[in-house]
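Written below as structure tokens is the structure these notes are about.
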Amino acid sequence: MKGVIFVELVNMAEDAFGEDTVDDVLRKADLANDGAFTTVGNYPCSELVKIVIAFSEHSGLSPEVLQRQFGFWMMDFFVKHYPQFFADKTNAFGLLEAVDRQIHVEVKKLYPDAKLPRFDTQRLENGHLEMIYISKNPLEAFCHGLIEACLARFDEAGEVARTPSANTPGAVRFDVALTGAGADPA
Ligand code: HEM
């Protein structure tokens, strides 16, 4: 997994808990490289999971809550550092559909060693979008946070439901439903 994800997770933790605490927690987390990450490096996703668990134990917040928060954090980071992917998007569904078809395609060109998840998206009736998340990594809560952050970014009220995919073993199905007034994503 790209180092930038690790660096930003540590940045979020520093923002929340302060630098000294983060150093302490990382030291105790028994990480392969003592918790030193660079944006250009690549590290196993299992290390990311270890970091989340370490901060969960430190803070009492569940890994689920921390991963979801991290989704919001990364959305802000992406908006700041990759504004070109957001410039022509006018709503959350448009952005979510573009992740697999456009955004991660461009990310792969920029970083050929990136191992990106796959998404199958489909618009359903009544303001629902189905998103099947296919990844070897156990980051569905992170993904959940990113999806919620997409809605928040466009000030759209919605609900995100998450279940195992019925058709694709190991995949996760997100049902994103717009709930606000004028919930027409067209
Ligand atoms: C400008 C927007 C975005 C950029 C630049 C971007 C870029 C990236 C990069 C560099 C990675 C790491 C890949 C690796 O470790 O090898 C990643 C992973 C990921 N991205 Fe995106 N992404 C963007 C938007 C989104 C959005 C909106 C979603 C929401 C559905 C999303 C879902 C994910 C997930 C879940 C992962 C974790 C990897 C996995 O599950 O296997 N991304 N993305």
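Within each chain, counting starts at residue 1; across the structure tokens, chains are named A, B, ... in the order shown, with ligands numbered 1 upward in that order.
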Next item on the list: Kindly work out which residues sit at most 8 Å from ligand 1, using only C-alpha atoms and all ligand atoms, and give the list as a ChimeraX atom specification.
Entry: /A:1-5,42,45,75,78-79,81-86,95-96,99,103-104,107-108,111,113-119,133-140,142-144,146-147,150
Notebook entry, point to check: Could you name the residues that touch A:Arg68 at 7 Å or less, counting only C-alpha atoms, but leaving out those on the same chain fewer than 3 positions away, as a ChimeraX atom specification?
Noted result: /A:64-65,71-72,141-142,144-145
Checklist line | Atomic distance atom CA of A:Met74 - atom CA of A:Glu8, expressed in Å with one decimal | finding: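 One can read the atom CA of A:Met74 to atom CA of A:Glu8 distance as 7.4 Å.
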Next item on the list: Choose the residue, out of A:Asp120, A:Leu151, A:Gly127, A:Glu97, that has the smallest atom-to-atom separation from A:Asn167; count only C-alpha atoms.
Entry: A:Asp120
Hey, what's within 6 Å of stretch 154-159 of chain A if we count only C-alpha atoms and toss same-chain stuff fewer than 5 positions away? As a PDB file with all heavy atoms, in the first residue's frame, please?
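Ended up saving to part16.pdb:
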```pdb
ATOM      1  N   ASN A  91     -21.882  16.347  -8.158  1.00  0.00           N
ATOM      2  CA  ASN A  91     -22.616  15.661  -7.083  1.00  0.00           C
ATOM      3  C   ASN A  91     -21.870  14.399  -6.653  1.00  0.00           C
ATOM      4  O   ASN A  91     -20.947  13.946  -7.316  1.00  0.00           O
ATOM      5  CB  ASN A  91     -24.053  15.350  -7.513  1.00  0.00           C
ATOM      6  CG  ASN A  91     -24.084  14.507  -8.773  1.00  0.00           C
ATOM      7  OD1 ASN A  91     -23.488  13.438  -8.837  1.00  0.00           O
ATOM      8  ND2 ASN A  91     -24.765  15.013  -9.789  1.00  0.00           N
ATOM      9  N   VAL A 176     -25.856   3.377  -1.321  1.00  0.00           N
ATOM     10  CA  VAL A 176     -25.823   4.793  -0.956  1.00  0.00           C
ATOM     11  C   VAL A 176     -27.169   5.398  -1.345  1.00  0.00           C
ATOM     12  O   VAL A 176     -27.548   5.359  -2.519  1.00  0.00           O
ATOM     13  CB  VAL A 176     -24.682   5.529  -1.696  1.00  0.00           C
ATOM     14  CG1 VAL A 176     -24.480   6.924  -1.120  1.00  0.00           C
ATOM     15  CG2 VAL A 176     -23.381   4.731  -1.640  1.00  0.00           C
ATOM     16  N   ALA A 177     -27.876   5.908  -0.362  1.00  0.00           N
ATOM     17  CA  ALA A 177     -29.219   6.429  -0.620  1.00  0.00           C
ATOM     18  C   ALA A 177     -29.272   7.914  -0.297  1.00  0.00           C
ATOM     19  O   ALA A 177     -28.905   8.326   0.805  1.00  0.00           O
ATOM     20  CB  ALA A 177     -30.230   5.681   0.237  1.00  0.00           C
ATOM     21  N   LEU A 178     -29.726   8.691  -1.260  1.00  0.00           N
ATOM     22  CA  LEU A 178     -29.911  10.120  -0.986  1.00  0.00           C
ATOM     23  C   LEU A 178     -31.217  10.297  -0.228  1.00  0.00           C
ATOM     24  O   LEU A 178     -32.231   9.694  -0.584  1.00  0.00           O
ATOM     25  CB  LEU A 178     -29.953  10.912  -2.288  1.00  0.00           C
ATOM     26  CG  LEU A 178     -28.676  10.836  -3.133  1.00  0.00           C
ATOM     27  CD1 LEU A 178     -28.857  11.607  -4.435  1.00  0.00           C
ATOM     28  CD2 LEU A 178     -27.471  11.375  -2.366  1.00  0.00           C
ATOM     29  N   THR A 179     -31.186  11.095   0.814  1.00  0.00           N
ATOM     30  CA  THR A 179     -32.381  11.233   1.649  1.00  0.00           C
ATOM     31  C   THR A 179     -32.888  12.675   1.735  1.00  0.00           C
ATOM     32  O   THR A 179     -33.972  12.920   2.239  1.00  0.00           O
ATOM     33  CB  THR A 179     -32.087  10.766   3.094  1.00  0.00           C
ATOM     34  OG1 THR A 179     -30.962  11.497   3.578  1.00  0.00           O
ATOM     35  CG2 THR A 179     -31.779   9.281   3.138  1.00  0.00           C
ATOM     36  N   GLY A 180     -32.081  13.627   1.270  1.00  0.00           N
ATOM     37  CA  GLY A 180     -32.455  15.026   1.444  1.00  0.00           C
ATOM     38  C   GLY A 180     -33.545  15.454   0.475  1.00  0.00           C
ATOM     39  O   GLY A 180     -33.944  14.709  -0.415  1.00  0.00           O
TER      40      GLY A 180
END
```
